[in-house]
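J.: Input file: my_file-v2.txt. Contents: compact mmCIF, C-alpha atoms and all ligand atoms.
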```txt
# COMPACT_ATOMS: atom_id res chain seq x y z
CA MET A 1 -8.48 10.79 -4.19
CA LYS A 2 -10.36 8.20 -6.20
CA LEU A 3 -8.56 4.94 -6.80
CA PHE A 4 -9.11 1.96 -9.04
CA LEU A 5 -7.92 -0.84 -6.76
CA ILE A 6 -6.70 -4.10 -8.18
CA GLY A 7 -5.80 -6.95 -5.85
CA PHE A 8 -3.64 -9.51 -7.62
CA GLY A 9 -3.29 -12.91 -5.91
CA GLN A 10 -4.40 -13.83 -2.42
CA ALA A 11 -2.67 -11.12 -0.38
CA GLY A 12 -3.74 -8.43 -2.84
CA GLY A 13 -7.32 -9.67 -2.91
CA ARG A 14 -7.59 -9.75 0.88
CA VAL A 15 -6.36 -6.20 1.24
CA VAL A 16 -8.64 -4.86 -1.49
CA ASP A 17 -11.47 -6.68 0.29
CA LEU A 18 -10.64 -4.85 3.53
CA PHE A 19 -10.42 -1.56 1.67
CA ALA A 20 -13.91 -2.13 0.34
CA GLU A 21 -15.13 -2.64 3.90
CA TYR A 22 -13.24 0.45 5.17
CA ASP A 23 -14.59 2.64 2.40
CA LYS A 24 -18.12 1.63 3.19
CA ARG A 25 -17.77 1.88 6.96
CA THR A 26 -16.22 5.35 6.89
CA GLY A 27 -18.34 6.65 4.03
CA GLN A 28 -15.09 7.85 2.58
CA ASN A 29 -15.87 7.02 -0.98
CA SER A 30 -12.33 6.91 -2.26
CA ILE A 31 -12.54 3.61 -4.08
CA ALA A 32 -13.95 4.28 -7.50
CA ARG A 33 -13.74 0.66 -8.60
CA SER A 34 -12.12 -2.53 -7.41
CA LEU A 35 -11.18 -5.85 -8.88
CA ALA A 36 -9.67 -9.00 -7.38
CA ILE A 37 -7.71 -11.17 -9.81
CA ASN A 38 -6.45 -14.64 -8.96
CA THR A 39 -5.58 -18.02 -10.41
CA ALA A 40 -7.01 -19.73 -7.32
CA LYS A 41 -10.76 -20.03 -7.21
CA SER A 42 -11.01 -20.75 -3.48
CA ASP A 43 -9.08 -17.57 -2.64
CA LEU A 44 -11.55 -15.51 -4.65
CA MET A 45 -14.50 -17.26 -3.04
CA GLY A 46 -13.08 -16.49 0.41
CA LEU A 47 -13.39 -12.72 -0.03
CA LYS A 48 -16.20 -11.03 1.87
CA TYR A 49 -16.84 -7.53 0.64
CA ILE A 50 -15.84 -7.35 -3.01
CA PRO A 51 -18.95 -8.09 -5.07
CA MET A 52 -18.87 -11.45 -6.88
CA GLU A 53 -18.84 -9.79 -10.27
CA ASP A 54 -15.62 -7.99 -9.36
CA ARG A 55 -13.66 -11.21 -8.86
CA LEU A 56 -11.77 -12.43 -11.89
CA LEU A 57 -10.38 -15.95 -12.19
CA ILE A 58 -7.56 -16.31 -14.71
CA GLY A 59 -5.35 -19.19 -15.85
CA GLN A 60 -8.12 -21.75 -15.66
CA SER A 61 -6.89 -23.73 -18.66
CA VAL A 62 -3.42 -23.99 -17.09
CA VAL A 63 -3.90 -24.42 -13.34
CA LYS A 64 -7.61 -25.32 -13.16
CA GLY A 65 -8.39 -22.77 -10.47
CA HIS A 66 -5.70 -24.04 -8.06
CA GLY A 67 -3.18 -21.20 -8.08
CA VAL A 68 0.37 -21.26 -9.43
CA GLY A 69 2.07 -22.54 -6.27
CA ALA A 70 4.54 -19.67 -5.85
CA ASP A 71 5.83 -19.97 -9.42
CA ASN A 72 5.91 -16.31 -10.33
CA GLU A 73 7.16 -16.92 -13.85
CA MET A 74 3.99 -18.88 -14.42
CA GLY A 75 2.07 -16.05 -12.75
CA ALA A 76 3.61 -13.58 -15.19
CA LYS A 77 2.92 -15.87 -18.15
CA ILE A 78 -0.74 -16.34 -17.28
CA ALA A 79 -1.19 -12.59 -16.82
CA THR A 80 0.47 -11.98 -20.19
CA ASP A 81 -1.62 -14.61 -21.97
CA GLU A 82 -4.83 -13.26 -20.49
CA ILE A 83 -4.03 -9.58 -20.54
CA TYR A 84 -6.97 -8.81 -22.81
CA THR A 85 -9.40 -10.46 -20.42
CA ILE A 86 -7.97 -8.42 -17.55
CA GLN A 87 -7.88 -5.28 -19.63
CA SER A 88 -11.51 -5.50 -20.64
CA ALA A 89 -12.59 -6.28 -17.07
CA ILE A 90 -10.96 -2.98 -16.07
CA ASP A 91 -12.32 -1.10 -19.05
CA GLU A 92 -15.86 -2.35 -18.50
CA ARG A 93 -15.85 -1.02 -14.97
CA GLY A 94 -15.06 2.43 -16.29
CA THR A 95 -12.11 4.61 -15.47
CA HIS A 96 -13.56 8.08 -15.94
CA ARG A 97 -13.70 9.08 -12.26
CA VAL A 98 -10.36 7.50 -11.43
CA ASP A 99 -7.37 9.59 -10.28
CA ALA A 100 -4.95 6.66 -10.15
CA PHE A 101 -4.64 2.87 -10.24
CA LEU A 102 -3.25 0.91 -7.32
CA ILE A 103 -2.16 -2.69 -7.87
CA ILE A 104 -1.74 -4.64 -4.63
CA ALA A 105 0.15 -7.93 -4.37
CA GLY A 106 2.24 -10.14 -2.14
CA MET A 107 5.66 -10.17 -3.81
CA GLY A 108 6.81 -13.53 -2.51
CA GLY A 109 4.11 -15.72 -4.05
CA GLY A 110 3.31 -16.56 -7.65
CA THR A 111 0.12 -15.08 -9.07
CA GLY A 112 0.41 -11.52 -7.73
CA SER A 113 4.20 -11.44 -7.73
CA GLY A 114 4.34 -12.35 -11.41
CA GLY A 115 1.08 -10.75 -12.55
CA ALA A 116 1.38 -7.30 -10.98
CA PRO A 117 4.31 -6.10 -13.14
CA VAL A 118 2.62 -7.40 -16.30
CA LEU A 119 -0.58 -5.54 -15.48
CA ALA A 120 1.25 -2.36 -14.45
CA ARG A 121 3.05 -2.21 -17.78
CA ARG A 122 -0.21 -2.67 -19.65
CA LEU A 123 -2.16 -0.07 -17.67
CA LYS A 124 0.58 2.47 -18.22
CA THR A 125 0.31 2.11 -21.95
CA LEU A 126 -3.49 2.34 -21.85
CA TYR A 127 -4.23 5.17 -19.43
CA ASN A 128 -2.90 8.60 -18.58
CA GLU A 129 -3.60 8.21 -14.88
CA PRO A 130 -0.67 7.12 -12.72
CA VAL A 131 -0.29 3.45 -11.89
CA TYR A 132 0.97 2.70 -8.38
CA GLY A 133 1.95 -0.57 -6.78
CA LEU A 134 1.67 -1.76 -3.18
CA GLY A 135 3.84 -4.78 -2.56
CA PHE A 136 4.20 -6.93 0.55
CA LEU A 137 7.68 -8.23 1.24
CA PRO A 138 7.80 -11.81 2.57
CA ALA A 139 8.85 -12.54 6.14
CA LYS A 140 12.32 -14.07 6.54
CA GLU A 141 10.86 -17.32 7.79
CA GLU A 142 9.17 -17.85 4.42
CA GLY A 143 12.58 -18.79 3.06
CA GLY A 144 14.64 -18.58 -0.08
CA LEU A 145 12.03 -19.25 -2.75
CA TYR A 146 9.78 -16.43 -1.49
CA ALA A 147 12.79 -14.13 -1.17
CA LEU A 148 13.81 -14.94 -4.72
CA ASN A 149 10.29 -14.34 -6.00
CA ALA A 150 10.11 -11.04 -4.15
CA ALA A 151 13.52 -9.87 -5.34
CA ARG A 152 12.65 -10.63 -8.96
CA SER A 153 9.16 -9.18 -8.76
CA PHE A 154 10.48 -6.08 -6.99
CA MET A 155 13.08 -5.25 -9.60
CA THR A 156 10.53 -5.73 -12.37
CA LEU A 157 7.62 -3.93 -10.73
CA VAL A 158 9.54 -0.87 -9.59
CA LYS A 159 10.33 -0.09 -13.22
CA GLU A 160 6.75 -0.54 -14.40
CA VAL A 161 4.85 1.55 -11.85
CA ASP A 162 4.83 5.28 -11.20
CA ASN A 163 5.62 4.58 -7.58
CA LEU A 164 5.89 1.47 -5.45
CA PHE A 165 4.72 1.42 -1.84
CA LEU A 166 6.37 -1.26 0.25
CA PHE A 167 5.04 -3.02 3.30
CA ASP A 168 7.36 -5.45 5.05
CA ASN A 169 5.60 -8.46 6.56
CA ASP A 170 8.77 -9.33 8.45
CA LEU A 171 8.78 -6.01 10.27
CA TRP A 172 5.12 -6.16 11.23
CA LYS A 173 4.82 -9.76 12.30
CA LYS A 174 4.88 -10.00 16.09
CA GLU A 175 7.23 -12.32 17.92
CA GLY A 176 5.77 -15.81 18.32
CA GLU A 177 2.83 -15.15 16.08
CA THR A 178 2.03 -17.24 13.02
CA LEU A 179 1.94 -15.46 9.68
CA GLU A 180 -1.71 -16.32 9.18
CA ASP A 181 -2.56 -14.62 12.50
CA ALA A 182 -0.35 -11.69 11.62
CA TYR A 183 -2.14 -10.96 8.34
CA ASN A 184 -5.20 -9.73 10.19
CA HIS A 185 -3.52 -6.91 12.07
CA MET A 186 -1.03 -6.22 9.28
CA ASN A 187 -3.82 -5.76 6.75
CA ASP A 188 -5.69 -3.50 9.16
CA GLU A 189 -2.57 -1.40 9.51
CA ILE A 190 -2.16 -1.16 5.74
CA VAL A 191 -5.76 -0.12 5.18
CA ARG A 192 -5.69 2.42 8.01
CA ARG A 193 -2.54 4.14 6.70
CA PHE A 194 -3.65 4.17 3.09
CA GLY A 195 -7.20 5.01 4.06
CA VAL A 196 -6.22 8.29 5.69
CA LEU A 197 -3.84 9.11 2.84
CA ILE A 198 -6.26 8.54 -0.02
CA GLY A 199 -9.20 9.83 1.99
CA ALA A 200 -7.79 13.34 1.80
CA GLY A 201 -10.24 15.52 -0.04
CA GLU A 202 -12.80 12.76 -0.39
CA ARG A 203 -15.12 12.97 2.58
CA THR A 204 -18.66 13.25 1.34
CA ASN A 205 -20.53 14.59 4.35
CA ARG A 206 -17.76 16.89 5.32
CA GLY A 207 -18.88 19.56 7.75
CA ASP A 208 -15.60 21.31 8.28
CA VAL A 209 -13.41 22.14 5.35
CA GLY A 210 -9.76 22.01 6.26
CA GLN A 211 -7.54 25.04 6.48
CA MET A 212 -5.10 23.40 4.12
CA VAL A 213 -7.00 20.96 2.00
CA VAL A 214 -4.95 18.31 0.24
CA ASP A 215 -6.30 17.20 -3.08
CA SER A 216 -5.32 14.27 -5.21
CA SER A 217 -2.90 16.31 -7.32
CA GLU A 218 -0.70 16.87 -4.26
CA ILE A 219 -0.53 13.18 -3.55
CA ILE A 220 0.22 12.54 -7.22
CA ASN A 221 2.95 15.20 -7.25
CA THR A 222 4.55 13.76 -4.15
CA LEU A 223 4.69 10.38 -5.89
CA LYS A 224 5.93 11.76 -9.18
CA GLY A 225 9.47 10.78 -10.03
CA GLY A 226 8.91 7.15 -9.16
CA GLY A 227 10.87 4.85 -6.89
CA ILE A 228 9.86 3.54 -3.51
CA SER A 229 7.56 5.03 -0.92
CA VAL A 230 6.83 4.25 2.69
CA ILE A 231 4.16 5.54 5.05
CA GLY A 232 4.45 6.56 8.69
CA TYR A 233 1.46 6.88 10.99
CA ALA A 234 0.70 8.00 14.53
CA ARG A 235 -2.56 8.65 16.28
CA GLU A 236 -3.72 10.05 19.57
CA ALA A 237 -7.09 10.18 21.28
CA VAL A 238 -8.29 13.66 22.14
CA GLU A 239 -10.66 14.51 24.97
CA SER A 240 -13.85 16.43 24.43
CA ASN A 241 -12.73 17.16 20.93
CA SER A 242 -16.23 17.55 19.68
CA PRO A 243 -18.01 19.87 22.09
CA GLY A 244 -21.75 19.62 22.11
CA PHE A 245 -24.00 22.36 20.90
CA LEU A 246 -24.16 24.21 24.21
CA SER A 247 -20.47 24.28 24.94
CA ARG A 248 -19.85 25.33 21.38
CA LEU A 249 -22.22 28.21 21.91
CA PHE A 250 -20.37 29.44 24.99
CA ARG A 251 -16.96 28.75 23.63
CA ARG A 252 -16.97 30.08 20.10
CA HIS A 253 -13.37 31.08 19.92
CA LYS A 254 -10.42 28.93 20.48
CA THR A 255 -8.08 30.34 23.08
CA THR A 256 -4.42 30.95 22.31
CA LEU A 257 -3.61 28.14 24.68
CA ASP A 258 -5.82 25.71 22.73
CA THR A 259 -4.03 26.58 19.52
CA LEU A 260 -0.65 26.21 21.19
CA ASP A 261 -1.61 22.79 22.50
CA ALA A 262 -2.88 21.67 19.11
CA THR A 263 0.26 22.94 17.37
CA THR A 264 2.53 21.06 19.77
CA ARG A 265 0.47 17.93 19.38
CA ILE A 266 0.63 18.07 15.58
CA VAL A 267 4.41 18.40 15.56
CA SER A 268 4.80 15.61 18.09
CA LEU A 269 2.48 13.29 16.16
CA VAL A 270 4.36 13.90 12.92
CA ARG A 271 7.64 13.11 14.67
CA ARG A 272 6.18 9.92 16.04
CA ALA A 273 4.85 8.96 12.62
CA VAL A 274 8.24 9.37 10.98
CA MET A 275 10.40 7.96 13.77
CA GLY A 276 8.04 5.08 14.57
CA ARG A 277 7.48 1.91 12.61
CA LEU A 278 7.17 2.73 8.91
CA THR A 279 5.56 0.37 6.43
CA THR A 280 9.13 -0.69 5.62
CA GLN A 281 12.19 0.38 7.56
CA CYS A 282 14.51 2.59 5.54
CA ASP A 283 16.93 5.46 5.73
CA ILE A 284 14.38 8.28 5.80
CA LYS A 285 17.05 10.84 5.07
CA THR A 286 17.20 9.55 1.49
CA ALA A 287 13.57 10.54 0.76
CA GLU A 288 13.18 12.95 -2.12
CA LYS A 289 9.69 14.18 -1.28
CA ALA A 290 7.19 14.01 1.52
CA LEU A 291 3.56 14.69 2.29
CA VAL A 292 2.39 15.44 5.81
CA LEU A 293 -1.27 14.85 6.36
CA MET A 294 -3.16 15.54 9.56
CA GLY A 295 -6.57 14.02 9.95
CA GLY A 296 -9.20 13.87 12.66
CA ALA A 297 -10.94 16.14 15.14
CA PRO A 298 -11.41 19.52 13.38
CA ASP A 299 -10.68 21.58 16.51
CA GLU A 300 -7.27 19.99 16.85
CA LEU A 301 -6.01 20.80 13.39
CA ASN A 302 -4.30 24.03 12.48
CA LYS A 303 -2.13 25.48 9.76
CA LYS A 304 0.60 26.60 12.14
CA GLY A 305 1.16 23.09 13.41
CA ILE A 306 1.25 21.61 9.93
CA ASP A 307 3.67 24.28 8.75
CA LYS A 308 5.97 23.56 11.68
CA ALA A 309 5.77 19.82 11.10
CA LYS A 310 6.53 20.31 7.39
CA LEU A 311 9.63 22.30 8.26
CA TRP A 312 10.77 19.57 10.61
CA VAL A 313 10.39 16.93 7.87
CA GLU A 314 12.12 19.17 5.36
CA GLU A 315 15.18 19.37 7.59
CA LEU A 316 15.18 15.66 8.09
CA ILE A 317 15.19 14.50 4.47
CA ASP A 318 17.58 15.21 1.61
CA GLY A 319 14.75 16.36 -0.64
CA THR A 320 13.19 19.79 -0.40
CA GLU A 321 9.67 19.12 -1.64
CA VAL A 322 7.45 18.70 1.39
CA ARG A 323 3.73 19.16 1.07
CA GLY A 324 1.15 19.22 3.80
CA GLY A 325 -2.47 19.56 4.58
CA ASP A 326 -5.33 18.59 6.80
CA TYR A 327 -8.34 16.42 6.64
CA PRO A 328 -10.92 17.27 9.31
CA ILE A 329 -13.27 14.48 10.31
CA PRO A 330 -16.27 15.86 12.19
CA ARG A 331 -16.91 14.12 15.52
CA SER A 332 -13.66 12.19 15.36
CA LYS A 333 -12.15 11.32 18.72
CA TYR A 334 -8.64 11.19 17.34
CA VAL A 335 -5.95 13.20 15.66
CA ALA A 336 -3.76 11.23 13.28
CA ALA A 337 -0.63 12.04 11.34
CA VAL A 338 0.19 10.27 8.11
CA VAL A 339 3.55 10.97 6.54
CA LEU A 340 4.27 9.75 3.05
CA LEU A 341 7.98 9.55 2.26
CA SER A 342 8.69 9.12 -1.41
CA GLY A 343 11.74 8.39 -3.56
CA ILE A 344 13.56 6.43 -0.83
CA SER A 345 16.83 4.96 -1.99
CA ASP A 346 18.16 3.06 1.01
CA ILE A 347 16.12 0.08 2.17
CA PRO A 348 18.11 -2.55 4.05
CA ARG A 349 15.37 -5.19 3.68
CA ILE A 350 15.62 -5.03 -0.10
CA LYS A 351 19.35 -5.63 0.07
CA GLU A 352 18.77 -8.50 2.45
CA LEU A 353 16.12 -10.02 0.18
CA GLN A 354 18.50 -9.75 -2.73
CA ARG A 355 21.20 -11.55 -0.77
CA MET A 356 18.75 -14.27 0.22
CA ALA A 357 17.58 -14.43 -3.39
CA ALA A 358 21.11 -14.85 -4.73
CA ASP A 359 21.73 -17.70 -2.28
CA ALA A 360 18.41 -19.26 -3.15
CA GLN A 361 19.20 -19.09 -6.81
CA ASP A 362 22.37 -21.10 -6.19
CA ASN A 363 20.47 -23.96 -4.67
CA ILE A 364 17.15 -23.52 -6.33
CA GLU A 365 16.89 -27.18 -7.29
CA GLU A 366 17.08 -28.25 -3.69
CA LEU A 367 14.64 -25.55 -2.63
CA VAL A 368 12.16 -26.47 -5.27
CA ALA A 369 12.42 -30.15 -4.39
CA LYS A 370 11.81 -29.28 -0.73
CA SER A 371 8.85 -27.05 -1.43
CA GLY A 372 7.43 -29.41 -4.02
CA LYS A 373 6.93 -26.46 -6.31
CA LYS A 374 7.73 -26.25 -9.97
CA TYR A 375 10.41 -23.82 -10.92
CA ASP A 376 11.96 -25.33 -14.01
CA GLU A 377 12.70 -22.14 -15.86
CA LEU A 378 15.04 -20.94 -13.15
CA MET A 379 17.16 -24.09 -12.96
CA ASP A 380 19.76 -22.77 -15.31
CA ALA A 381 19.76 -19.22 -14.01
CA ASP A 382 23.19 -17.68 -13.42
CA ASP A 383 24.30 -15.92 -10.24
CA SER A 384 22.73 -12.56 -10.83
CA ILE A 385 19.04 -12.22 -10.12
CA LYS A 386 17.08 -11.88 -13.30
CA PRO A 387 14.08 -9.65 -13.70
CA LEU A 388 10.84 -11.35 -14.67
CA PHE A 389 10.83 -9.78 -18.10
N1 LIG B 401 0.43 -8.50 4.31
C1 LIG B 401 -0.08 -9.65 3.85
N2 LIG B 401 0.72 -10.51 3.22
C2 LIG B 401 0.19 -11.66 2.79
C3 LIG B 401 -1.18 -11.99 2.95
N3 LIG B 401 -1.40 -13.22 2.40
C4 LIG B 401 -0.22 -13.63 1.91
N4 LIG B 401 0.75 -12.70 2.15
C5 LIG B 401 2.15 -12.74 1.74
O1 LIG B 401 2.19 -12.79 0.32
C6 LIG B 401 3.11 -13.76 -0.13
C7 LIG B 401 2.37 -14.85 -0.87
O2 LIG B 401 1.56 -14.26 -1.79
P1 LIG B 401 0.07 -14.75 -2.10
O3 LIG B 401 -0.71 -13.51 -2.38
O4 LIG B 401 -0.41 -15.66 -1.04
O5 LIG B 401 0.32 -15.57 -3.41
P2 LIG B 401 -0.50 -15.54 -4.75
O6 LIG B 401 -0.27 -14.25 -5.45
O7 LIG B 401 -1.92 -15.88 -4.44
O8 LIG B 401 0.19 -16.66 -5.64
P3 LIG B 401 0.04 -18.25 -5.60
O9 LIG B 401 -0.68 -18.60 -4.34
O10 LIG B 401 1.44 -18.71 -5.64
O11 LIG B 401 -0.73 -18.60 -6.81
C8 LIG B 401 3.81 -14.27 1.09
O12 LIG B 401 5.03 -13.58 1.24
C9 LIG B 401 2.86 -13.97 2.23
O13 LIG B 401 3.51 -13.72 3.44
C10 LIG B 401 -2.01 -11.03 3.59
O14 LIG B 401 -3.22 -11.21 3.78
N5 LIG B 401 -1.40 -9.90 4.02
MG MG B 402 -2.66 -17.92 -3.93
```
Produce structure tokens that represent the structure in this file.
T.:
Amino acid sequence: MKLFLIGFGQAGGRVVDLFAEYDKRTGQNSIARSLAINTAKSDLMGLKYIPMEDRLLIGQSVVKGHGVGADNEMGAKIATDEIYTIQSAIDERGTHRVDAFLIIAGMGGGTGSGGAPVLARRLKTLYNEPVYGLGFLPAKEEGGLYALNAARSFMTLVKEVDNLFLFDNDLWKKEGETLEDAYNHMNDEIVRRFGVLIGAGERTNRGDVGQMVVDSSEIINTLKGGGISVIGYAREAVESNSPGFLSRLFRRHKTTLDTLDATTRIVSLVRRAVMGRLTTQCDIKTAEKALVLMGGAPDELNKKGIDKAKLWVEELIDGTEVRGGDYPIPRSKYVAAVVLLSGISDIPRIKELQRMAADAQDNIEELVAKSGKKYDELMDADDSIKPLF
């Protein structure tokens, strides 16, 4: 699947940067275009892989390249005021080979949290391709202001995009680790999970064609209907998965035992992917749709295993639409399962963020004074959390 990636704010920019590196390293070729947008010049300068010309600084007349300091109303306002600049930056890069847009942002800050919903709304009116969001939820330790930002951005963004993927920083941060340290492995995790998902059907030098190829329309159909999605992932190393020429010659046919082994492994990996740590913890039963994707060593993938795994997922979730497929990677030393669960309706972390947000709203003056950040517009907010627009 070919994506137009847009990183909004620092978190979004960093992850798009890593995607650019991943795409190049794997030769996967699933990023059609990318753009990093920010109000902070130094954040844009700190990126490594996104070409300079694909970094867009906005809000210069207002914040002089210094960011909006977690004021997401200001983030939304700047994005609105400069929507034509953003729009033409996207247009100029061309959208003809693009299957979908993906806007990536940290939801607890200002620029991305406020800007992402504004951009999503605009892209939806301009293009036929779906517009997806990938939002990072703040860790609890980031406090009330970030929770409030995230709660407001969430309720705005989820209505503007065709589907919103959530990644919970709080869940992925390791005990005793600083957030800054955590970003490295969290971002790797995000890129790995999404990489396998969007890589389906995109490998350029693909020797083996899968038995059940997944193309972008199946990913799009799984995401249709909107709401929230999460991704599960599990991987296992396989021995001598890519026999050399000679052993291939003497061992042309897979034995029944080989197939049995591979089938069992596929089902067990899919179970681990779903029951393990998801991008955000949720009640998986409430998923409306799912996509099971097996990638890796060609010899270890088979239709029987994927069919069995699909049935297992189908029994687990309320929905009945479960798709599946494989994605052989010649010479890979691994087999990996990626499970996309879409249309989730029970996410405890969102409820918790909303509770934190409601509390924060009650004492926003104090919070703002403590953080030294401007938040004037919210001073007279009532008890209920207000959407951004
Ligand atoms: N997963 C992940 N989260 C991040 C990263 N950087 C920041 N965050 C989270 O994103 C939120 C802050 O968003 P940022 O992207 O830093 O803010 P911004 O959009 O640049 O907005 P301002 O800095 O306020 O102008 C916080 O909840 C952080 O924990 C990152 O590299 N990875
Ligand atoms: Mg910033």
J.: Listing only residues of chain A within 7 Å of ligand LIG 401 (chain B), what is the closest atom pair and its distance in Å (to one decimal) for each, using all atoms listed in the file, sorted by chain and residue number ascending, as a tab-separated table?
T.:
```
residue	atom	partner	partner_atom	distance
A:Phe8	CA	B:LIG401	O6	6.2
A:Gly9	CA	B:LIG401	O6	3.3
A:Gln10	CA	B:LIG401	O3	3.7
A:Ala11	CA	B:LIG401	O3	3.7
A:Gly12	CA	B:LIG401	O3	5.9
A:Arg14	CA	B:LIG401	O14	5.4
A:Val15	CA	B:LIG401	O14	6.4
A:Asn38	CA	B:LIG401	O7	6.5
A:Thr39	CA	B:LIG401	O11	6.1
A:Ala40	CA	B:LIG401	O11	6.4
A:Gly67	CA	B:LIG401	O11	3.8
A:Val68	CA	B:LIG401	O11	3.9
A:Gly69	CA	B:LIG401	O10	3.9
A:Ala70	CA	B:LIG401	O10	3.3
A:Asp71	CA	B:LIG401	O10	5.9
A:Asn72	CA	B:LIG401	O10	6.9
A:Ala105	CA	B:LIG401	O3	6.0
A:Gly106	CA	B:LIG401	O1	3.6
A:Met107	CA	B:LIG401	C6	5.7
A:Gly108	CA	B:LIG401	O12	4.2
A:Gly109	CA	B:LIG401	O2	3.7
A:Gly110	CA	B:LIG401	O10	3.5
A:Thr111	CA	B:LIG401	O6	3.7
A:Gly112	CA	B:LIG401	O6	3.6
A:Ser113	CA	B:LIG401	O6	5.8
A:Phe136	CA	B:LIG401	N1	5.6
A:Leu137	CA	B:LIG401	O12	6.0
A:Pro138	CA	B:LIG401	O12	3.5
A:Ala139	CA	B:LIG401	O13	6.1
A:Glu142	CA	B:LIG401	O12	6.7
A:Tyr146	CA	B:LIG401	O12	6.2
A:Asn169	CA	B:LIG401	N1	5.6
A:Leu179	CA	B:LIG401	O13	6.7
A:Tyr183	CA	B:LIG401	N5	4.5
A:Asn184	CA	B:LIG401	O14	6.9
A:Met186	CA	B:LIG401	N1	5.7
A:Asn187	CA	B:LIG401	N5	5.5
```
J.: Taking into account only C-alpha atoms and all ligand atoms, which residue in the set A:Lys48, A:Leu57, A:Thr259, A:Ala20 is nearest to ligand MG 402 (chain B)?
T.: A:Leu57
J.: Just want the 7 Å neighbourhood of range 160-165 of chain A, counted on all atoms listed in the file, with same-chain residues fewer than 2 positions away dropped. Output as a list in words.
T.: Pro117, Ala120, Arg121, Pro130, Val131, Tyr132, Gly133, Leu134, Gly135, Thr156, Leu157, Val158, Phe167, Leu223, Lys224, Gly226, Gly227, Ile228, Ser229 and Val230 of chain A
J.: Rounded to one decimal, what separation in Å do you get between CA of Ser153 in chain A and CA of Pro387 in chain A?
T.: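 CA of Pro387 in chain A lies 7.0 Å from CA of Ser153 in chain A.
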J.: Using CA of Lys303 in chain A and CA of Asp215 in chain A as the two end points, give the distance in Å to one decimal.
T.: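 So the two atoms, CA of Lys303 in chain A and CA of Asp215 in chain A, lie 15.8 Å apart.
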J.: Between CA of Ala79 in chain A and CA of Thr125 in chain A, what is the distance in Å, rounded to a tenth?
T.: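 Straight-line distance from CA of Ala79 in chain A to CA of Thr125 in chain A works out to 15.6 Å.
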J.: I'd like the contact shell of Val213 in chain A - 10 Å cut-off, only C-alpha atoms, skipping same-chain residues fewer than 6 positions apart - returned as a PyMOL selection string.
T.: chain A and resi 200-201+293+324-328
J.: Which of these residues is nearest to Asp346 in chain A, using all atoms listed in the file: A:Lys124, A:Lys2, A:Arg272, A:Lys285?
T.: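 When distances to Asp346 in chain A are compared using all atoms listed in the file, the smallest one comes from A:Lys285.
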J.: Using only C-alpha atoms, find all polymer residues with an atom at most 7 Å away from the point (20.7, -9.7, -7.2); report them as number ranges by chain.
T.: A: 354-355, 357-358, 384-385
J.: Which residues are near Glu314 in chain A? Cut-off 12 Å, all atoms listed in the file, ignore same chain within fewer than 3 positions. Put them as a ChimeraX atom specification.
T.: /A:271,274,284-292,307-311,317-324,339,341
J.: Skip Gly295 in chain A itself and residues of its chain fewer than 3 positions away, then list as a ChimeraX atom specification all residues within 12 Å of it, counting only C-alpha atoms.
T.: /A:192-193,195-201,203,208-214,233-237,266,269-270,292,298-302,306,324-339
J.: Please write the residues from the selection above to a file, keeping C-alpha atoms, as a short mmCIF file (atom, residue, chain, number, x, y, z; two decimals), keeping the file's coordinate frame.
T.:
```
data_model
loop_
_atom_site.label_atom_id
_atom_site.label_comp_id
_atom_site.auth_asym_id
_atom_site.auth_seq_id
_atom_site.Cartn_x
_atom_site.Cartn_y
_atom_site.Cartn_z
CA ARG A 192 -5.69 2.42 8.01
CA ARG A 193 -2.54 4.14 6.70
CA GLY A 195 -7.20 5.01 4.06
CA VAL A 196 -6.22 8.29 5.69
CA LEU A 197 -3.84 9.11 2.84
CA ILE A 198 -6.26 8.54 -0.02
CA GLY A 199 -9.20 9.83 1.99
CA ALA A 200 -7.79 13.34 1.80
CA GLY A 201 -10.24 15.52 -0.04
CA ARG A 203 -15.12 12.97 2.58
CA ASP A 208 -15.60 21.31 8.28
CA VAL A 209 -13.41 22.14 5.35
CA GLY A 210 -9.76 22.01 6.26
CA GLN A 211 -7.54 25.04 6.48
CA MET A 212 -5.10 23.40 4.12
CA VAL A 213 -7.00 20.96 2.00
CA VAL A 214 -4.95 18.31 0.24
CA TYR A 233 1.46 6.88 10.99
CA ALA A 234 0.70 8.00 14.53
CA ARG A 235 -2.56 8.65 16.28
CA GLU A 236 -3.72 10.05 19.57
CA ALA A 237 -7.09 10.18 21.28
CA ILE A 266 0.63 18.07 15.58
CA LEU A 269 2.48 13.29 16.16
CA VAL A 270 4.36 13.90 12.92
CA VAL A 292 2.39 15.44 5.81
CA PRO A 298 -11.41 19.52 13.38
CA ASP A 299 -10.68 21.58 16.51
CA GLU A 300 -7.27 19.99 16.85
CA LEU A 301 -6.01 20.80 13.39
CA ASN A 302 -4.30 24.03 12.48
CA ILE A 306 1.25 21.61 9.93
CA GLY A 324 1.15 19.22 3.80
CA GLY A 325 -2.47 19.56 4.58
CA ASP A 326 -5.33 18.59 6.80
CA TYR A 327 -8.34 16.42 6.64
CA PRO A 328 -10.92 17.27 9.31
CA ILE A 329 -13.27 14.48 10.31
CA PRO A 330 -16.27 15.86 12.19
CA ARG A 331 -16.91 14.12 15.52
CA SER A 332 -13.66 12.19 15.36
CA LYS A 333 -12.15 11.32 18.72
CA TYR A 334 -8.64 11.19 17.34
CA VAL A 335 -5.95 13.20 15.66
CA ALA A 336 -3.76 11.23 13.28
CA ALA A 337 -0.63 12.04 11.34
CA VAL A 338 0.19 10.27 8.11
CA VAL A 339 3.55 10.97 6.54
#
```
J.: I need the residue nearest ligand MG 402 (chain B) from this list: A:Leu119, A:Ile83, A:Ala89, A:Ile37. Use only C-alpha atoms and all ligand atoms for the distance.
T.: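 Of the candidates, the smallest distance to ligand MG 402 (chain B) is held by A:Ile37.
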